[in-house]
>>> print(open('work.cif').read())   # mmCIF, C-alpha atoms and all ligand atoms
data_structure
#
loop_
_atom_site.label_atom_id
_atom_site.label_comp_id
_atom_site.auth_asym_id
_atom_site.auth_seq_id
_atom_site.Cartn_x
_atom_site.Cartn_y
_atom_site.Cartn_z
CA MET A 53 -3.57 -17.96 1.89
CA GLN A 54 -0.82 -20.15 3.24
CA ASN A 55 2.41 -19.43 1.55
CA PRO A 56 1.99 -20.44 -2.11
CA ARG A 57 5.71 -21.01 -2.47
CA ASP A 58 5.41 -23.81 0.08
CA CYS A 59 3.26 -25.75 -2.29
CA GLY A 60 6.00 -27.92 -3.67
CA VAL A 61 6.18 -26.45 -7.19
CA PRO A 62 9.79 -25.44 -7.84
CA ALA A 63 10.52 -22.37 -9.89
CA ALA A 64 11.96 -24.39 -12.77
CA VAL A 65 8.59 -26.00 -13.55
CA MET A 66 7.07 -22.66 -14.54
CA ASP A 67 7.32 -23.12 -18.28
CA TYR A 68 4.68 -20.67 -19.52
CA ASP A 69 5.27 -17.20 -20.91
CA PRO A 70 6.94 -15.00 -18.32
CA PRO A 71 5.72 -11.41 -17.89
CA GLY A 72 9.02 -10.00 -19.16
CA ASN A 73 10.36 -8.12 -16.17
CA VAL A 74 10.07 -10.67 -13.34
CA THR A 75 10.87 -14.28 -12.67
CA VAL A 76 10.16 -16.74 -9.85
CA LYS A 77 13.12 -17.35 -7.59
CA TYR A 78 13.97 -18.46 -4.11
CA VAL A 79 14.36 -15.33 -2.05
CA GLY A 80 16.56 -15.57 1.01
CA GLN A 81 15.51 -18.21 3.51
CA LEU A 82 11.91 -17.35 2.86
CA GLY A 83 11.06 -19.56 -0.09
CA VAL A 84 9.83 -18.46 -3.52
CA GLY A 85 8.99 -14.93 -4.60
CA LEU A 86 8.85 -12.74 -7.70
CA VAL A 87 12.16 -11.09 -8.50
CA ALA A 88 12.78 -8.29 -11.03
CA THR A 89 14.90 -9.32 -14.01
CA THR A 90 15.34 -5.71 -15.08
CA ASN A 91 15.05 -2.29 -13.47
CA ILE A 92 11.38 -1.38 -13.18
CA GLU A 93 10.23 2.24 -13.04
CA ARG A 94 7.61 3.57 -10.71
CA GLY A 95 4.17 3.09 -12.27
CA ASP A 96 5.35 0.39 -14.72
CA PRO A 97 3.05 -2.60 -15.19
CA ILE A 98 4.60 -5.83 -13.90
CA LEU A 99 1.85 -8.41 -14.35
CA PHE A 100 -1.52 -8.67 -15.98
CA GLU A 101 -3.15 -12.06 -15.81
CA ARG A 102 -6.40 -13.88 -15.53
CA VAL A 103 -7.13 -15.09 -12.02
CA ILE A 104 -9.66 -16.93 -9.94
CA ALA A 105 -11.30 -14.35 -7.69
CA VAL A 106 -13.49 -15.21 -4.75
CA LEU A 107 -14.83 -13.16 -1.87
CA GLU A 108 -13.03 -13.75 1.38
CA ARG A 109 -14.90 -16.57 3.06
CA ASP A 110 -16.75 -16.07 6.33
CA GLU A 111 -19.56 -17.87 8.15
CA SER A 112 -22.12 -16.58 5.66
CA ILE A 113 -20.46 -18.39 2.74
CA SER A 114 -20.81 -22.17 2.87
CA ALA A 115 -17.99 -24.46 1.79
CA THR A 116 -20.13 -25.68 -1.12
CA ILE A 117 -20.72 -22.20 -2.51
CA TYR A 118 -17.02 -21.40 -2.10
CA ASN A 119 -16.04 -24.56 -4.00
CA ILE A 120 -18.56 -23.97 -6.78
CA ALA A 121 -17.33 -20.40 -7.28
CA ILE A 122 -13.75 -21.65 -7.56
CA LEU A 123 -14.58 -24.55 -9.89
CA ALA A 124 -16.58 -22.34 -12.27
CA GLN A 125 -13.56 -20.10 -12.79
CA LEU A 126 -10.90 -22.81 -12.66
CA GLU A 127 -12.34 -24.40 -15.81
CA ASN A 128 -11.44 -21.31 -17.82
CA MET A 129 -7.90 -20.99 -16.55
CA GLY A 130 -4.89 -22.02 -18.64
CA PRO A 131 -3.45 -25.56 -18.55
CA TRP A 132 -0.39 -24.59 -16.52
CA PHE A 133 -2.40 -23.03 -13.76
CA LYS A 134 -4.87 -25.95 -13.63
CA ASN A 135 -2.02 -28.41 -13.36
CA TYR A 136 -0.35 -26.35 -10.64
CA PHE A 137 -3.60 -25.88 -8.79
CA TYR A 138 -4.65 -29.56 -8.72
CA LYS A 139 -1.21 -30.52 -7.43
CA LEU A 140 -1.52 -28.23 -4.43
CA GLN A 141 -1.90 -30.13 -1.22
CA LYS A 142 -3.02 -29.02 2.12
CA ARG A 143 0.02 -29.87 4.12
CA HIS A 144 -1.03 -29.73 7.72
CA GLY A 145 -3.84 -32.23 7.38
CA ASP A 146 -6.43 -32.02 10.08
CA GLY A 147 -8.61 -34.71 8.59
CA THR A 148 -10.50 -32.30 6.31
CA PRO A 149 -10.70 -33.40 2.68
CA ASP A 150 -8.36 -31.61 0.32
CA SER A 151 -11.12 -29.61 -1.34
CA LEU A 152 -10.90 -26.97 -4.05
CA GLY A 153 -11.44 -24.41 -1.31
CA ALA A 154 -8.45 -25.71 0.64
CA LYS A 155 -6.26 -25.62 -2.48
CA PHE A 156 -7.43 -22.12 -3.27
CA ASP A 157 -6.68 -20.97 0.28
CA LEU A 158 -3.12 -22.21 -0.20
CA ALA A 159 -2.59 -20.35 -3.45
CA CYS A 160 -4.50 -17.12 -3.05
CA ILE A 161 -3.39 -13.64 -2.12
CA PRO A 162 -5.75 -10.86 -1.00
CA CYS A 163 -6.63 -7.97 -3.25
CA PRO A 164 -7.37 -4.67 -1.51
CA ALA A 165 -10.86 -4.03 -0.29
CA SER A 166 -11.09 -0.78 -2.27
CA VAL A 167 -11.98 -2.73 -5.38
CA THR A 168 -14.69 -4.81 -3.72
CA ALA A 169 -18.25 -4.14 -2.76
CA GLY A 170 -19.18 -4.05 0.90
CA GLY A 171 -15.63 -3.75 2.22
CA LYS A 172 -14.92 -7.48 2.00
CA MET A 173 -11.59 -8.57 0.71
CA ILE A 174 -11.27 -10.43 -2.56
CA ARG A 175 -8.90 -13.36 -2.74
CA VAL A 176 -7.22 -14.11 -6.02
CA ALA A 177 -5.05 -16.92 -7.37
CA GLY A 178 -3.12 -16.78 -10.63
CA SER A 179 0.01 -18.26 -12.14
CA TRP A 180 2.17 -15.27 -11.26
CA CYS A 181 0.38 -13.08 -8.78
CA SER A 182 0.08 -15.98 -6.33
CA ARG A 183 3.87 -15.80 -6.04
CA THR A 184 4.00 -12.22 -4.82
CA ASN A 185 4.89 -11.95 -1.17
CA HIS A 186 3.68 -9.45 1.36
CA SER A 187 5.63 -6.51 2.71
CA CYS A 188 4.45 -3.77 5.06
CA THR A 189 6.50 -1.48 2.82
CA PRO A 190 5.63 -2.96 -0.57
CA ASN A 191 7.06 -1.81 -3.86
CA ALA A 192 4.04 -2.81 -5.96
CA HIS A 193 0.28 -2.75 -5.83
CA GLN A 194 -2.21 -5.37 -6.98
CA MET A 195 -5.55 -4.44 -8.45
CA LEU A 196 -8.48 -6.56 -9.55
CA SER A 197 -10.64 -5.82 -12.55
CA ARG A 198 -13.56 -7.57 -14.14
CA GLY A 199 -14.08 -8.05 -17.85
CA LEU A 200 -15.12 -10.47 -20.55
CA ASP A 201 -12.84 -13.13 -21.97
CA ASP A 202 -12.64 -14.09 -25.67
CA LYS A 203 -15.68 -16.34 -25.22
CA ALA A 204 -17.64 -13.40 -23.78
CA LYS A 205 -17.60 -15.02 -20.35
CA GLU A 206 -17.11 -12.95 -17.22
CA ALA A 207 -13.48 -13.06 -16.17
CA TYR A 208 -11.26 -11.54 -13.47
CA TYR A 209 -7.84 -10.07 -14.06
CA VAL A 210 -5.15 -8.88 -11.70
CA ALA A 211 -2.76 -6.12 -12.63
CA VAL A 212 0.36 -5.54 -10.54
CA ARG A 213 2.21 -2.24 -10.95
CA ALA A 214 5.37 -0.86 -9.37
CA THR A 215 4.73 1.85 -6.80
CA LYS A 216 8.47 2.41 -6.34
CA VAL A 217 11.56 2.01 -8.47
CA ILE A 218 12.43 -1.70 -8.31
CA ARG A 219 16.01 -2.56 -9.06
CA LYS A 220 17.07 -5.63 -11.02
CA GLY A 221 17.38 -8.55 -8.59
CA GLU A 222 15.03 -7.00 -6.03
CA GLU A 223 11.94 -8.87 -4.93
CA VAL A 224 8.54 -7.53 -6.00
CA THR A 225 6.24 -7.30 -3.00
CA VAL A 226 2.65 -6.18 -2.46
CA ALA A 227 0.68 -5.46 0.72
CA TYR A 228 -1.85 -8.11 1.71
CA ASP A 229 -3.21 -5.49 4.05
CA TYR A 230 -2.17 -2.02 5.19
CA VAL A 231 -2.07 -1.85 8.95
CA ASN A 232 -1.19 1.16 11.06
CA MET A 233 -0.02 -0.56 14.20
CA GLN A 234 3.22 -0.79 16.03
CA PRO A 235 5.47 -3.57 14.73
CA ALA A 236 4.73 -6.11 17.50
CA ALA A 237 0.97 -5.65 17.16
CA ARG A 238 1.20 -5.73 13.39
CA ARG A 239 3.12 -8.98 13.39
CA GLN A 240 0.52 -10.49 15.65
CA TYR A 241 -2.24 -9.25 13.37
CA MET A 242 -0.56 -10.62 10.24
CA LEU A 243 0.00 -13.98 11.90
CA ALA A 244 -3.60 -14.24 13.02
CA ARG A 245 -5.04 -12.92 9.75
CA PHE A 246 -2.81 -14.50 7.13
CA GLY A 247 -0.91 -17.22 8.98
CA PHE A 248 2.66 -16.01 8.59
CA VAL A 249 5.22 -13.97 10.45
CA CYS A 250 6.03 -10.83 8.52
CA ARG A 251 9.74 -10.38 7.81
CA CYS A 252 9.77 -7.06 5.97
CA HIS A 253 12.25 -4.39 7.07
CA VAL A 254 9.87 -2.52 9.34
CA CYS A 255 8.77 -5.77 11.01
CA ASP A 256 12.13 -7.48 11.00
CA ARG A 257 13.97 -4.71 12.75
CA PRO A 258 11.56 -2.67 14.79
CA THR A 259 13.53 0.16 16.34
CA GLU A 260 12.62 2.90 18.73
CA THR A 261 12.40 5.24 15.77
CA ILE A 262 9.86 3.07 14.00
CA GLU A 263 7.85 2.53 17.19
CA LYS A 264 7.70 6.31 17.63
CA CYS A 265 6.56 6.82 14.05
CA PHE A 266 3.81 4.24 14.38
CA SER A 267 2.63 5.71 17.68
CA ALA A 268 2.49 9.15 16.08
CA LEU A 269 0.66 7.77 13.03
CA HIS A 270 -1.79 5.89 15.18
CA GLU A 271 -2.62 8.97 17.27
CA ASP A 272 -2.80 11.43 14.40
CA ILE A 273 -4.88 9.23 12.13
CA ALA A 274 -7.34 8.62 14.97
CA ALA A 275 -7.43 12.37 15.58
CA ILE A 276 -8.29 13.42 12.03
CA GLN A 277 -11.18 10.99 12.05
CA THR A 278 -12.89 12.71 14.95
CA ARG A 279 -15.74 15.10 14.36
CA TYR A 280 -14.03 17.70 16.51
CA PHE A 281 -11.44 18.49 13.88
CA SER A 282 -13.75 18.47 10.93
CA SER A 283 -16.26 20.89 12.39
CA ILE A 284 -14.38 22.99 14.94
CA ASP A 285 -10.71 23.18 14.18
CA PRO A 286 -9.68 22.87 10.54
CA VAL A 287 -6.21 24.26 11.31
CA LYS A 288 -5.46 21.42 13.69
CA PHE A 289 -6.75 18.99 11.08
CA PHE A 290 -4.38 20.28 8.39
CA GLN A 291 -1.43 20.40 10.76
CA CYS A 292 -2.14 16.78 11.60
CA ILE A 293 -2.32 15.96 7.88
CA GLU A 294 1.13 17.41 7.33
CA ARG A 295 2.61 15.35 10.17
CA ILE A 296 0.96 12.17 8.86
CA TYR A 297 2.07 12.88 5.31
CA LEU A 298 5.68 13.47 6.38
CA LEU A 299 5.62 10.25 8.36
CA HIS A 300 4.42 8.46 5.24
CA VAL A 301 7.34 9.99 3.35
CA GLY A 302 9.75 8.85 6.06
CA LEU A 303 8.35 5.35 6.35
CA ASP A 304 8.33 5.00 2.58
CA PHE A 305 4.55 4.64 2.61
CA LEU A 306 3.95 6.85 -0.42
CA ASP A 307 1.70 4.41 -2.20
CA ILE A 308 -2.06 3.97 -1.79
CA ARG A 309 -1.63 4.90 1.89
CA GLY A 310 -0.14 8.30 1.13
CA ALA A 311 -2.79 8.89 -1.54
CA GLN A 312 -5.61 8.10 0.88
CA ILE A 313 -4.38 10.58 3.47
CA LEU A 314 -4.08 13.32 0.84
CA GLU A 315 -7.51 12.48 -0.51
CA GLN A 316 -8.93 12.84 2.97
CA ALA A 317 -7.38 16.31 3.18
CA ALA A 318 -8.91 17.17 -0.22
CA ARG A 319 -12.37 15.98 0.86
CA PHE A 320 -12.08 18.05 4.00
CA SER A 321 -11.02 21.11 2.03
CA ALA A 322 -13.94 20.65 -0.36
CA TYR A 323 -16.34 20.40 2.57
CA HIS A 324 -15.27 23.93 3.55
CA SER A 325 -15.39 25.27 -0.06
CA ASP A 326 -11.60 25.40 -0.11
CA LYS A 327 -11.07 24.65 -3.79
CA GLY A 328 -7.43 25.76 -3.74
CA ARG A 329 -6.38 23.30 -1.07
CA ALA A 330 -8.54 20.51 -2.55
CA VAL A 331 -6.76 20.88 -5.91
CA GLY A 332 -3.40 21.03 -4.13
CA PHE A 333 -3.89 17.81 -2.16
CA LEU A 334 -5.34 15.99 -5.16
CA THR A 335 -2.36 17.11 -7.22
CA LEU A 336 -0.19 15.19 -4.77
CA ALA A 337 -2.59 12.22 -4.47
CA SER A 338 -3.32 11.63 -8.19
CA PRO A 339 0.14 10.45 -9.26
CA LEU A 340 0.30 8.08 -6.28
CA TYR A 341 -2.97 6.48 -7.39
CA LEU A 342 -1.79 6.48 -11.00
CA PHE A 343 1.45 4.69 -10.13
CA ALA A 344 -0.48 2.04 -8.22
CA GLU A 345 -3.41 1.54 -10.55
CA GLY A 346 -2.70 3.01 -13.96
CA VAL A 347 -5.00 5.51 -15.67
CA GLN A 348 -8.03 3.23 -15.49
CA GLY A 349 -7.83 2.44 -11.78
CA PRO A 350 -10.98 3.43 -9.87
CA ASN A 351 -9.12 5.58 -7.35
CA ALA A 352 -6.96 7.16 -10.04
CA VAL A 353 -10.01 8.02 -12.16
CA ARG A 354 -11.83 9.52 -9.19
CA ALA A 355 -8.87 11.58 -7.96
CA THR A 356 -8.18 12.93 -11.45
CA SER A 357 -11.78 13.97 -12.07
CA TRP A 358 -11.99 15.63 -8.66
CA LYS A 359 -8.75 17.46 -9.31
CA ASP A 360 -10.25 18.85 -12.53
CA ASP A 361 -13.44 19.84 -10.76
CA PRO A 362 -13.32 19.77 -6.93
CA SER A 363 -17.01 20.67 -6.73
CA LEU A 364 -17.70 17.02 -7.73
CA ILE A 365 -16.40 15.92 -4.32
CA PRO A 366 -19.35 14.75 -2.21
CA GLY A 367 -20.22 17.31 0.45
CA TYR A 368 -18.55 20.13 -1.47
CA GLY A 369 -19.44 23.57 -0.13
CA THR A 370 -21.16 22.44 3.06
CA THR A 371 -19.48 25.42 4.76
CA THR A 372 -17.77 28.46 3.28
CA LYS A 373 -15.15 28.57 5.98
CA GLY A 374 -12.20 28.17 3.67
CA LEU A 375 -13.58 29.83 0.56
CA SER A 376 -10.74 29.69 -1.94
CA LYS A 377 -10.15 29.34 -5.66
CA GLU A 378 -7.97 27.08 -7.72
CA SER A 379 -5.79 30.11 -8.51
CA ASP A 380 -4.96 30.33 -4.81
CA PHE A 381 -3.28 26.97 -5.12
CA ARG A 382 -1.37 28.08 -8.20
CA LYS A 383 -0.12 31.04 -6.22
CA ILE A 384 1.78 28.84 -3.77
CA GLY A 385 3.09 26.64 -6.58
CA PRO A 386 4.08 23.01 -6.05
CA LEU A 387 3.48 21.48 -2.64
CA ASP A 388 7.14 21.23 -1.73
CA ALA A 389 8.22 21.75 1.90
CA VAL A 390 7.20 25.43 1.91
CA GLY A 391 4.07 24.90 -0.16
CA LEU A 392 2.96 22.10 2.12
CA ALA A 393 3.59 24.17 5.25
CA ILE A 394 1.44 26.93 3.76
CA ALA A 395 -1.32 24.56 2.64
CA CYS A 396 -1.32 22.89 6.05
CA MET A 397 -1.36 26.23 7.86
CA GLN A 398 1.73 25.59 9.93
CA GLY A 399 2.25 28.41 12.37
CA ILE A 400 -1.38 29.51 12.37
CA GLN A 401 -3.35 29.76 15.55
CA GLU A 402 -5.84 26.98 16.09
CA GLY A 403 -9.38 27.76 15.10
CA GLN A 404 -8.40 30.06 12.22
CA TYR A 405 -8.85 29.16 8.60
CA LEU A 406 -6.73 31.28 6.31
CA SER A 407 -6.88 31.25 2.55
CA LEU A 408 -3.89 29.99 0.63
CA SER A 409 -3.16 33.27 -1.11
CA TYR A 410 -3.24 35.13 2.18
CA MET A 411 -0.71 32.73 3.63
CA ALA A 412 1.36 32.58 0.47
CA ASP A 413 1.73 36.37 0.56
CA ARG A 414 3.37 36.03 3.94
CA ARG A 415 5.30 32.83 3.15
CA VAL A 416 4.36 31.31 6.48
CA GLY A 417 6.51 28.29 5.79
CA ALA A 418 9.64 30.46 5.80
CA HIS A 419 9.25 31.31 9.45
CA TYR A 420 6.36 30.55 11.69
CA GLY A 421 6.06 34.10 13.00
CA GLY A 422 5.10 35.58 9.64
CA VAL A 423 1.44 36.44 10.19
CA ASN A 424 0.78 39.32 12.51
CA SER A 425 -2.48 38.65 14.23
CA GLY A 426 -3.40 35.60 16.21
CA MET A 427 -0.05 33.88 16.01
CA ARG A 428 1.42 31.49 18.49
CA GLY A 429 3.45 32.83 21.36
CA ASP A 430 7.21 32.29 21.50
CA ALA A 431 6.91 29.07 23.53
CA ASP A 432 4.43 27.53 21.09
CA GLU A 433 6.58 28.56 18.20
CA GLU A 434 9.56 26.85 19.74
CA ASP A 435 7.47 23.71 20.32
CA ALA A 436 6.40 23.61 16.71
CA GLU A 437 9.96 24.08 15.51
CA ASN A 438 11.25 21.35 17.83
CA ARG A 439 8.57 18.99 16.67
CA ALA A 440 9.39 19.66 13.03
CA LYS A 441 13.08 19.14 13.76
CA ASN A 442 12.44 15.85 15.59
CA LEU A 443 10.26 14.64 12.76
CA LYS A 444 12.95 15.48 10.21
CA GLU A 445 15.50 13.53 12.26
CA LEU A 446 13.16 10.53 12.50
CA ILE A 447 12.61 10.60 8.78
CA LYS A 448 16.33 10.80 8.06
CA THR A 449 17.06 7.81 10.31
CA LEU A 450 14.29 5.81 8.68
CA GLU A 451 15.53 6.56 5.20
CA GLU A 452 18.99 5.35 6.14
CA GLU A 453 17.62 2.17 7.74
CA LYS A 454 15.53 1.43 4.66
CA LYS A 455 18.51 1.95 2.34
CA HIS A 456 20.60 -0.42 4.45
CA HIS A 457 17.89 -3.10 4.51
CA ASP A 458 17.26 -2.85 0.75
CA LEU A 459 20.93 -3.29 0.06
CA GLU A 460 21.14 -6.35 2.28
CA ARG A 461 18.07 -7.89 0.72
CA LEU A 462 19.39 -7.29 -2.77
CA GLU A 463 22.74 -8.85 -1.90
CA GLY A 464 20.91 -11.75 -0.23
CA SER A 465 18.76 -12.52 -3.24
CA GLN A 466 21.77 -12.27 -5.58
CA LEU A 467 23.57 -14.80 -3.42
CA ILE A 468 20.56 -17.09 -3.58
CA ALA A 469 20.33 -16.65 -7.36
CA ASN A 470 23.99 -17.59 -7.76
CA GLY A 471 23.76 -20.66 -5.56
CA ASN A 472 20.24 -21.54 -6.60
CA SER A 473 20.87 -24.98 -8.07
CA SER A 474 22.35 -26.38 -4.87
CA SER A 475 19.74 -24.78 -2.66
CA THR A 476 16.93 -26.14 -4.86
CA ALA A 477 18.40 -29.61 -4.65
CA ASN A 478 18.64 -29.36 -0.88
CA LYS A 479 15.08 -28.23 -0.58
CA LYS A 480 13.86 -31.12 -2.68
CA LYS A 481 15.90 -33.56 -0.63
CA ASN A 482 14.60 -32.28 2.65
CA GLY A 483 11.05 -32.55 1.40
CA GLY A 484 8.36 -31.76 3.92
CA LYS A 485 10.67 -31.35 6.89
CA ASN A 486 11.89 -27.91 6.02
CA LYS A 487 8.65 -26.72 4.57
CA LYS A 488 7.18 -25.69 7.84
CA LYS A 489 10.12 -23.38 8.39
CA LYS A 490 9.79 -21.93 4.92
CA LYS A 491 6.27 -20.80 5.65
CA LYS A 492 7.69 -17.56 6.94
CA LYS A 493 6.63 -14.89 4.59
CA ARG A 494 7.19 -11.22 4.68
ZN ZN B 501 6.02 -6.31 7.79
#
>>> encode(input="work.cif", output="structure tokens")
Amino acid sequence: MQNPRDCGVPAAVMDYDPPGNVTVKYVGQLGVGLVATTNIERGDPILFERVIAVLERDESISATIYNIAILAQLENMGPWFKNYFYKLQKRHGDGTPDSLGAKFDLACIPCPASVTAGGKMIRVAGSWCSRTNHSCTPNAHQMLSRGLDDKAKEAYYVAVRATKVIRKGEEVTVAYDYVNMQPAARRQYMLARFGFVCRCHVCDRPTETIEKCFSALHEDIAAIQTRYFSSIDPVKFFQCIERIYLLHVGLDFLDIRGAQILEQAARFSAYHSDKGRAVGFLTLASPLYLFAEGVQGPNAVRATSWKDDPSLIPGYGTTTKGLSKESDFRKIGPLDAVGLAIACMQGIQEGQYLSLSYMADRRVGAHYGGVNSGMRGDADEEDAENRAKNLKELIKTLEEEKKHHDLERLEGSQLIANGNSSSTANKKKNGGKNKKKKKKKR
């Protein structure tokens, strides 16, 4: 899990077939990463390759079992990868033998727990995917699948797809983990968990704005997980969902994270027999899963089938509090700003649960005083409007910061690409001395 680009294999040695839209390059001062050689659209496949996949090691897995699992798969990997793998050396020797496990730990990246059994993380190492660096705001998603190779042996494959538009020259990044913490805490977590200091734009330049967003996310996500909301106050739940979703939009977290929040809202709707809202939220969630995983991804498949028939959602119809039909969702149309405000019952008194068509008739999103009975008082209304305004301002600031950072990063990597030959020579000359510094990884 230590930075694979610290492993002494320069980019020029990678002489096997490239994936077509990325190459390995030095990125900034950070070492080696995958860089787009062409513009990549959201949802486009970037990599698909055979990998070694092993469950994250803990006390219950002995070193011997870990090594055997790696060796069994290594034998079936291509010659380039084998060569690369055997050359890996554990740099900071502590007297432990340089075992297969130690080499694997150097090269691997984590694959999300959603594809594994029992919530454990899977670690994978492959010729290309091992070069993808982490970002807390990644532009791609890695997914593991299992299949049979041409000799009918069990094999593991990693697919990486773009979850955002990636411009030519931009680095392709994935998330090693998604963590909803404030930047300082997240950096500490990443250092402890993966052994590097994250240098992505939200970690590199934590601002008051970002701190506020993370605090709000942290509070609201904790809130929607409490039983209170799910059983007593659905309105508060949906209002919270809208805030969280908008924060995800602002923080540029509309990948698996955004999809998971929307799926949670759909599950909650289904619980209350609210088919209309369930379809609405899944309509927003499905494309996010599809971009990340493709049509065969487990989350994408599930979200699509639930969207077609929300009654398949576990727990569907436990209450009839929100009894609504799919046509109710069609009545409010796409979940744009107004549609979302209606679906999330903005402006409705807590404790109520109003059907979509009822709210759509009154276009609650247009002004929060639209429904006659049980509405907020003037002071509450003002509060809600202020909060919405503040949130919009936060989101605007974040979007500008992100744009600025992306531009700088792009310019940085272009500079590196232009002056690559001299920087490669320097790195070789300096040998091990600089390598410790290079371990910084986003
Ligand atoms: Zn980060």
>>> atom_distance(input="work.cif", atom1="CA of Pro164 in chain A", atom2="CA of Asp229 in chain A")
7.0 Å
>>> atom_distance(input="work.cif", atom1="CA of Ser187 in chain A", atom2="CA of Thr215 in chain A")
12.7 Å
>>> atom_distance(input="work.cif", atom1="CA of Ser376 in chain A", atom2="CA of Ala330 in chain A")
9.5 Å
>>> closest_residue(input="work.cif", among="A:Tyr230, A:Phe156, A:Tyr208, A:Tyr136", to="ligand ZN 501 (chain B)", atoms="all atoms listed in the file")
A:Tyr230
>>> axis_aligned_box(input="work.cif", around="range 231-235 of chain A", padding_each_side="6 Å", output="AutoDock Vina command-line options")
--center_x 1.7 --center_y -1.2 --center_z 12.5 --size_x 19.5 --size_y 16.7 --size_z 19.1
>>> closest_residue(input="work.cif", among="A:His324, A:Lys264, A:His186, A:His193", to="ligand ZN 501 (chain B)", atoms="all atoms listed in the file")
A:His186
>>> residues_near_ligand(input="work.cif", ligand="ligand ZN 501 (chain B)", cutoff="12 Å", atoms="all atoms listed in the file", output="MDAnalysis selection string")
chainID A and resid 185:190 225:243 248:258 262 303 492:494
>>> write_last_selection(input="work.cif", atoms="C-alpha atoms", output="compact mmCIF listing (two decimals), in the frame of the given file")
# COMPACT_ATOMS: atom_id res chain seq x y z
CA ASN A 185 4.89 -11.95 -1.17
CA HIS A 186 3.68 -9.45 1.36
CA SER A 187 5.63 -6.51 2.71
CA CYS A 188 4.45 -3.77 5.06
CA THR A 189 6.50 -1.48 2.82
CA PRO A 190 5.63 -2.96 -0.57
CA THR A 225 6.24 -7.30 -3.00
CA VAL A 226 2.65 -6.18 -2.46
CA ALA A 227 0.68 -5.46 0.72
CA TYR A 228 -1.85 -8.11 1.71
CA ASP A 229 -3.21 -5.49 4.05
CA TYR A 230 -2.17 -2.02 5.19
CA VAL A 231 -2.07 -1.85 8.95
CA ASN A 232 -1.19 1.16 11.06
CA MET A 233 -0.02 -0.56 14.20
CA GLN A 234 3.22 -0.79 16.03
CA PRO A 235 5.47 -3.57 14.73
CA ALA A 236 4.73 -6.11 17.50
CA ALA A 237 0.97 -5.65 17.16
CA ARG A 238 1.20 -5.73 13.39
CA ARG A 239 3.12 -8.98 13.39
CA GLN A 240 0.52 -10.49 15.65
CA TYR A 241 -2.24 -9.25 13.37
CA MET A 242 -0.56 -10.62 10.24
CA LEU A 243 0.00 -13.98 11.90
CA PHE A 248 2.66 -16.01 8.59
CA VAL A 249 5.22 -13.97 10.45
CA CYS A 250 6.03 -10.83 8.52
CA ARG A 251 9.74 -10.38 7.81
CA CYS A 252 9.77 -7.06 5.97
CA HIS A 253 12.25 -4.39 7.07
CA VAL A 254 9.87 -2.52 9.34
CA CYS A 255 8.77 -5.77 11.01
CA ASP A 256 12.13 -7.48 11.00
CA ARG A 257 13.97 -4.71 12.75
CA PRO A 258 11.56 -2.67 14.79
CA ILE A 262 9.86 3.07 14.00
CA LEU A 303 8.35 5.35 6.35
CA LYS A 492 7.69 -17.56 6.94
CA LYS A 493 6.63 -14.89 4.59
CA ARG A 494 7.19 -11.22 4.68
>>> residues_near_point(input="work.cif", point="(-3.3, -18.5, -14.4)", cutoff="8 Å", atoms="only C-alpha atoms", output="list in words")
Glu101, Arg102, Val103, Ile104, Met129, Gly130, Trp132, Phe133, Lys134, Ala177, Gly178, Ser179 and Trp180 of chain A
>>> residues_around(input="work.cif", residues="Thr89 in chain A", least_positions_apart="5", cutoff="8 Å", atoms="all atoms listed in the file", output="list in words")
Gly72, Asn73, Val74, Thr75, Lys220 and Gly221 of chain A
>>> residues_around(input="work.cif", residues="Glu345 in chain A", least_positions_apart="5", cutoff="12 Å", atoms="only C-alpha atoms", output="MDAnalysis selection string")
chainID A and resid 94:100 164 166:167 192:197 210:215 307:308 311 338:340 350:355
>>> residues_around(input="work.cif", residues="Leu152 in chain A", least_positions_apart="5", cutoff="10 Å", atoms="all atoms listed in the file", output="JSON, numbers by chain")
{"A": [115, 116, 118, 119, 120, 121, 122, 123, 126, 137, 138, 140, 141, 157, 158]}
>>> closest_residue(input="work.cif", among="A:Val176, A:Ile284, A:Cys160, A:Leu408", to="Phe246 in chain A", atoms="all atoms listed in the file")
A:Cys160
>>> closest_residue(input="work.cif", among="A:Ser321, A:Thr372, A:Thr184, A:Gln316", to="Ile276 in chain A", atoms="only C-alpha atoms")
A:Gln316
>>> closest_residue(input="work.cif", among="A:Val347, A:Val390, A:Ile174, A:Cys396", to="Phe333 in chain A", atoms="all atoms listed in the file")
A:Cys396
>>> closest_residue(input="work.cif", among="A:Glu402, A:Glu260, A:Glu452, A:Glu445", to="Lys288 in chain A", atoms="only C-alpha atoms")
A:Glu402
